[in-house]
2 protein chains.
Amino acid sequence: MKIGVFDSGVGGLTVLRALLPRIPNAEYLYLGDTARLPYGSKSQATIARYAVSSSQFLIDQGCEFLVIACNTASALALNEINQTAAPHGVPVVGVIAPGAAAASAGSITRDALVIATSATVHSHAYASACLSHQLRALEKACPLLVPLVEEGWIDHPVTAEIVQIYLSELRTAATEAGSTPDTLVLGCTHYPLLRAVIENVVRQLWPASPPQVIDSAEAAALQVQAQLHVNGPKTRPGPGEMAPCRFFATDSVTKFCDLGSRFLGQPIDEVQLVDLGG
Amino acid sequence: MKIGVFDSGVGGLTVLRALLPRIPNAEYLYLGDTARLPYGSKSQATIARYAVSSSQFLIDQGCEFLVIACNTASALALNEINQTAAPHGVPVVGVIAPGAAAASAGSITRDALVIATSATVHSHAYASACLSHQLRALEKACPLLVPLVEEGWIDHPVTAEIVQIYLSELRTAATEAGSTPDTLVLGCTHYPLLRAVIENVVRQLWPASPPQVIDSAEAAALQVQAQLHVNGPKTRPGPGEMAPCRFFATDSVTKFCDLGSRFLGQPIDEVQLVDLGG
């Protein structure tokens, strides 16, 4: 089974990382559309065009299953990607629906918070997906978090300060809306790298009952596993053991290796440069 | 005379703004390649490909003179743009050489500082251009400043804090290198919007003799004026009077209007969406 994983950049490697121990017998192709990133600040038409050509590339490479690890592409282009994949009989899983389902499963108060890119938030894809589970979601765009992660300022005090600003504004909005959230969804694949910082700020802002932080990467991997009817491995892969992975990027492969290893949690030695036009 | 002004986004509008009062009798076409921005974090090959197709578009529209308002494209793709423009007899002016010349003209100590995007800094285009004037330049990449401007955090305390971090590191590097800078070049068209913040920090860090802040937009406009042998207007255009300008963008025209008006210093009512492929 060839599984294609697609993201605008390296953030989706957190989804691949979650897939590897769950479906260890597959072959993985990962595409980062790094020449055209970020998607999160662009328009629906542009995002759909980029996501479709990226998905087509993975299908052309023989992928039999597509995982759209990019929240922005999942939020704004899932229909278009499905239209591209359906004629080839290739199922598509995005990260929004699994993330919303996981948020719903963990919520008692039925109020959730979602932080994501501007494009994802403006699409209200998370709010709609949550609503289908009778979960009310308040969304907040946090456009500076992606550049901060890309810059490597993971443990930087300025990053904590910016997270504090965004989440304080979100808390105010929640209070004004009469929302009592017990769940916070990380609606962008870059954000799991800031999980420790975000959880710290959440504990400061909601000291009595801090919302639980949900990572849609983990939820998406579970969804793929369920759709493929794969049981977890009896033994976890040992160190150095990994399902075969091939990596593709549309811009500098050096940068992909350097930054990507941090997201995947293991070294990436080889990346192929591909030209998707543009 | 049709003058084409090109940038990856709206930042280059600061160059157009400097051109308008100097060459009021021209017709202007401005292209922001917003679907593929930012350039500053991408590779030379990708930047050159994007810059060439953008320049070709402006030439196809009948431009007789090209101003590359993007520092990153000027630093990494000026040769490729020249090769595209030369067969059409279209002269090309970038922002690096004029910026370096202006820095040199203002420097007594012969030591300058340059802040710019990662790609511009790694190309060392400013250092080379300064060296041709016997000016020694120390360069520093400030990758978070573009997202902060795009986010509209112009007057935000966090922005001042990040500027402080970057410039403190640059001051340390200068001290270690035995440099006594009296000039600081804003080597990215987004940075003039942070001029007040930057000048404040400069005064704090170098209280005895703060380096003079140089804006390459202004310098580039003077260079274009010189090459076109245009004398300044006898009377400055009155309010509401402006040379005819047409605006083109490769992504959302709404966002271009909103953000662009801030850079141009006057409202932008109409933007045409163009598809450069990709």
# chains A, B, ... in the order shown; residues from 1 in each chain; ligands from 1

$ interface_residues --of "chain B" --to "chain A" --cutoff "8 Å" --atoms "only C-alpha atoms" --output "list in words"
Ala35, Arg36, Leu37, Pro38, Lys42, Ser43, Thr46, Arg49, Tyr50, Pro143, Leu144, Pro147, Leu148, Glu151, Val158, Glu161, Ile162, Asp251, Ser252, Leu276, Gly277 and Gly278 of chain B

$ select_by_dssp --residues "region 38-234 of chain B" --states "strand (DSSP E or B)" --output "ChimeraX atom specification"
/B:65-68,92-94,111-116,136-141,183-186,212-215

$ write_last_selection --atoms "C-alpha atoms" --output "PDB file, in the first residue's frame"
ATOM      1  CA  PHE B  65      11.435  50.173 -18.088  1.00  0.00           C
ATOM      2  CA  LEU B  66      11.505  47.682 -15.215  1.00  0.00           C
ATOM      3  CA  VAL B  67      12.001  48.493 -11.548  1.00  0.00           C
ATOM      4  CA  ILE B  68      12.645  45.400  -9.427  1.00  0.00           C
ATOM      5  CA  VAL B  92      16.190  47.100 -15.458  1.00  0.00           C
ATOM      6  CA  VAL B  93      16.872  48.801 -12.127  1.00  0.00           C
ATOM      7  CA  GLY B  94      16.991  46.786  -8.906  1.00  0.00           C
ATOM      8  CA  ASP B 111      31.073  50.687   8.050  1.00  0.00           C
ATOM      9  CA  ALA B 112      27.419  49.903   7.304  1.00  0.00           C
ATOM     10  CA  LEU B 113      24.771  47.502   8.591  1.00  0.00           C
ATOM     11  CA  VAL B 114      22.141  45.830   6.413  1.00  0.00           C
ATOM     12  CA  ILE B 115      18.970  44.079   7.577  1.00  0.00           C
ATOM     13  CA  ALA B 116      17.091  41.932   5.050  1.00  0.00           C
ATOM     14  CA  ARG B 136      32.193  47.408   4.618  1.00  0.00           C
ATOM     15  CA  ALA B 137      28.728  45.961   5.331  1.00  0.00           C
ATOM     16  CA  LEU B 138      27.567  43.537   8.006  1.00  0.00           C
ATOM     17  CA  GLU B 139      24.321  41.777   7.052  1.00  0.00           C
ATOM     18  CA  LYS B 140      21.643  40.316   9.317  1.00  0.00           C
ATOM     19  CA  ALA B 141      18.594  38.256   8.346  1.00  0.00           C
ATOM     20  CA  THR B 183      24.569  53.647   8.445  1.00  0.00           C
ATOM     21  CA  LEU B 184      21.783  51.029   8.591  1.00  0.00           C
ATOM     22  CA  VAL B 185      20.208  49.922   5.290  1.00  0.00           C
ATOM     23  CA  LEU B 186      16.599  48.671   5.278  1.00  0.00           C
ATOM     24  CA  GLN B 212      21.491  56.732   9.963  1.00  0.00           C
ATOM     25  CA  VAL B 213      18.631  54.622   8.589  1.00  0.00           C
ATOM     26  CA  ILE B 214      18.670  54.344   4.763  1.00  0.00           C
ATOM     27  CA  ASP B 215      15.607  53.310   2.770  1.00  0.00           C
TER      28      ASP B 215
END

$ select_by_dssp --residues "region 29-277 of chain A" --states "alpha helix (DSSP H)" --output "PyMOL selection string"
chain A and resi 44-60+71-85+96-106+118-123+125-131+145-150+157-176+195-205+216-227+253-264

$ write_last_selection --atoms "C-alpha atoms" --output "mmCIF file, in the first residue's frame"
data_model
loop_
_atom_site.group_PDB
_atom_site.id
_atom_site.type_symbol
_atom_site.label_atom_id
_atom_site.label_comp_id
_atom_site.auth_asym_id
_atom_site.auth_seq_id
_atom_site.Cartn_x
_atom_site.Cartn_y
_atom_site.Cartn_z
ATOM 1 C CA GLN A 44 -9.294 29.728 -1.746
ATOM 2 C CA ALA A 45 -8.775 29.653 -5.528
ATOM 3 C CA THR A 46 -4.985 29.707 -5.226
ATOM 4 C CA ILE A 47 -4.937 27.135 -2.398
ATOM 5 C CA ALA A 48 -7.198 24.777 -4.398
ATOM 6 C CA ARG A 49 -5.009 25.103 -7.516
ATOM 7 C CA TYR A 50 -1.853 24.303 -5.535
ATOM 8 C CA ALA A 51 -3.458 21.438 -3.572
ATOM 9 C CA VAL A 52 -4.876 19.790 -6.702
ATOM 10 C CA SER A 53 -1.552 19.840 -8.573
ATOM 11 C CA SER A 54 0.229 18.476 -5.482
ATOM 12 C CA SER A 55 -2.345 15.681 -5.071
ATOM 13 C CA GLN A 56 -2.116 14.853 -8.784
ATOM 14 C CA PHE A 57 1.661 14.470 -8.430
ATOM 15 C CA LEU A 58 1.247 11.916 -5.639
ATOM 16 C CA ILE A 59 -1.392 10.004 -7.620
ATOM 17 C CA ASP A 60 0.941 10.003 -10.643
ATOM 18 C CA ASN A 71 -5.070 21.964 7.604
ATOM 19 C CA THR A 72 -5.441 24.865 5.166
ATOM 20 C CA ALA A 73 -5.732 22.557 2.122
ATOM 21 C CA SER A 74 -8.098 20.270 4.075
ATOM 22 C CA ALA A 75 -10.254 23.265 5.011
ATOM 23 C CA LEU A 76 -10.402 24.938 1.603
ATOM 24 C CA ALA A 77 -9.704 22.353 -1.090
ATOM 25 C CA LEU A 78 -10.900 18.923 0.066
ATOM 26 C CA ASN A 79 -13.708 18.879 -2.513
ATOM 27 C CA GLU A 80 -11.338 19.742 -5.340
ATOM 28 C CA ILE A 81 -8.800 17.137 -4.155
ATOM 29 C CA ASN A 82 -11.556 14.511 -3.947
ATOM 30 C CA GLN A 83 -12.627 15.321 -7.505
ATOM 31 C CA THR A 84 -9.027 14.759 -8.618
ATOM 32 C CA ALA A 85 -8.572 11.516 -6.672
ATOM 33 C CA ILE A 96 -10.145 18.709 9.804
ATOM 34 C CA ALA A 97 -12.832 16.029 10.258
ATOM 35 C CA PRO A 98 -10.624 13.766 12.435
ATOM 36 C CA GLY A 99 -9.531 16.768 14.513
ATOM 37 C CA ALA A 100 -13.138 17.829 15.087
ATOM 38 C CA ALA A 101 -14.149 14.245 15.953
ATOM 39 C CA ALA A 102 -11.324 13.987 18.491
ATOM 40 C CA ALA A 103 -12.283 17.341 20.017
ATOM 41 C CA SER A 104 -15.876 16.167 20.296
ATOM 42 C CA ALA A 105 -14.896 12.843 21.865
ATOM 43 C CA GLY A 106 -12.985 14.654 24.612
ATOM 44 C CA SER A 118 -6.066 32.874 8.638
ATOM 45 C CA ALA A 119 -7.362 30.913 5.621
ATOM 46 C CA THR A 120 -8.486 27.941 7.756
ATOM 47 C CA VAL A 121 -10.239 30.216 10.247
ATOM 48 C CA HIS A 122 -11.972 32.273 7.565
ATOM 49 C CA SER A 123 -13.272 29.064 5.941
ATOM 50 C CA ALA A 125 -14.244 24.457 8.268
ATOM 51 C CA TYR A 126 -13.461 23.496 11.880
ATOM 52 C CA ALA A 127 -16.574 25.199 13.263
ATOM 53 C CA SER A 128 -18.751 23.358 10.709
ATOM 54 C CA ALA A 129 -17.065 20.004 11.366
ATOM 55 C CA CYS A 130 -17.444 20.504 15.139
ATOM 56 C CA LEU A 131 -21.085 21.527 14.728
ATOM 57 C CA LEU A 145 3.003 31.086 14.850
ATOM 58 C CA VAL A 146 4.048 29.496 11.539
ATOM 59 C CA PRO A 147 6.873 32.010 10.905
ATOM 60 C CA LEU A 148 8.026 31.622 14.533
ATOM 61 C CA VAL A 149 8.275 27.829 14.134
ATOM 62 C CA GLU A 150 9.947 28.196 10.717
ATOM 63 C CA PRO A 157 10.276 33.981 25.272
ATOM 64 C CA VAL A 158 8.831 36.089 22.424
ATOM 65 C CA THR A 159 6.953 33.023 21.148
ATOM 66 C CA ALA A 160 5.425 32.450 24.598
ATOM 67 C CA GLU A 161 4.442 36.117 24.650
ATOM 68 C CA ILE A 162 2.747 35.926 21.238
ATOM 69 C CA VAL A 163 0.918 32.698 22.186
ATOM 70 C CA GLN A 164 -0.209 34.498 25.362
ATOM 71 C CA ILE A 165 -1.576 37.420 23.282
ATOM 72 C CA TYR A 166 -3.494 35.177 20.871
ATOM 73 C CA LEU A 167 -4.951 32.915 23.557
ATOM 74 C CA SER A 168 -5.898 35.841 25.826
ATOM 75 C CA GLU A 169 -7.874 37.340 22.949
ATOM 76 C CA LEU A 170 -9.492 33.957 22.361
ATOM 77 C CA ARG A 171 -10.368 33.618 26.063
ATOM 78 C CA THR A 172 -11.996 37.075 25.997
ATOM 79 C CA ALA A 173 -14.016 36.083 22.913
ATOM 80 C CA ALA A 174 -15.057 32.841 24.649
ATOM 81 C CA THR A 175 -16.189 34.686 27.763
ATOM 82 C CA GLU A 176 -18.184 37.174 25.682
ATOM 83 C CA ARG A 195 2.633 22.231 22.199
ATOM 84 C CA ALA A 196 4.661 22.737 25.410
ATOM 85 C CA VAL A 197 4.476 26.547 25.101
ATOM 86 C CA ILE A 198 0.752 26.436 24.294
ATOM 87 C CA GLU A 199 -0.036 24.082 27.210
ATOM 88 C CA ASN A 200 1.881 26.363 29.570
ATOM 89 C CA VAL A 201 -0.123 29.401 28.496
ATOM 90 C CA VAL A 202 -3.394 27.421 28.660
ATOM 91 C CA ARG A 203 -2.648 26.510 32.305
ATOM 92 C CA GLN A 204 -1.981 30.184 33.114
ATOM 93 C CA LEU A 205 -5.121 31.469 31.394
ATOM 94 C CA SER A 216 -5.191 16.784 14.704
ATOM 95 C CA ALA A 217 -2.101 14.910 13.397
ATOM 96 C CA GLU A 218 -2.700 12.092 15.869
ATOM 97 C CA ALA A 219 -6.453 12.067 15.148
ATOM 98 C CA ALA A 220 -5.877 11.961 11.374
ATOM 99 C CA ALA A 221 -3.496 8.999 11.708
ATOM 100 C CA LEU A 222 -6.142 7.100 13.707
ATOM 101 C CA GLN A 223 -8.708 7.871 10.993
ATOM 102 C CA VAL A 224 -6.425 6.541 8.245
ATOM 103 C CA GLN A 225 -5.763 3.420 10.330
ATOM 104 C CA ALA A 226 -9.510 2.886 10.783
ATOM 105 C CA GLN A 227 -10.236 3.319 7.056
ATOM 106 C CA VAL A 253 15.861 20.167 -0.517
ATOM 107 C CA THR A 254 18.558 21.237 1.949
ATOM 108 C CA LYS A 255 16.131 23.386 3.890
ATOM 109 C CA PHE A 256 13.569 20.560 3.806
ATOM 110 C CA CYS A 257 16.088 18.130 5.337
ATOM 111 C CA ASP A 258 17.176 20.573 8.037
ATOM 112 C CA LEU A 259 13.741 21.746 9.147
ATOM 113 C CA GLY A 260 11.907 18.497 8.320
ATOM 114 C CA SER A 261 13.998 16.310 10.608
ATOM 115 C CA ARG A 262 12.731 18.391 13.536
ATOM 116 C CA PHE A 263 9.094 17.708 12.568
ATOM 117 C CA LEU A 264 9.584 14.024 11.759
#

$ atom_distance --atom1 "CA of Pro91 (chain A)" --atom2 "CA of Tyr28 (chain A)"
15.0 Å

$ closest_residue --among "B:Cys188, B:Leu193, B:Val15, B:Ala243" --to "Asp155 (chain B)" --atoms "only C-alpha atoms"
B:Leu193

$ atom_distance --atom1 "CA of Thr180 (chain A)" --atom2 "CA of Thr117 (chain A)"
22.8 Å
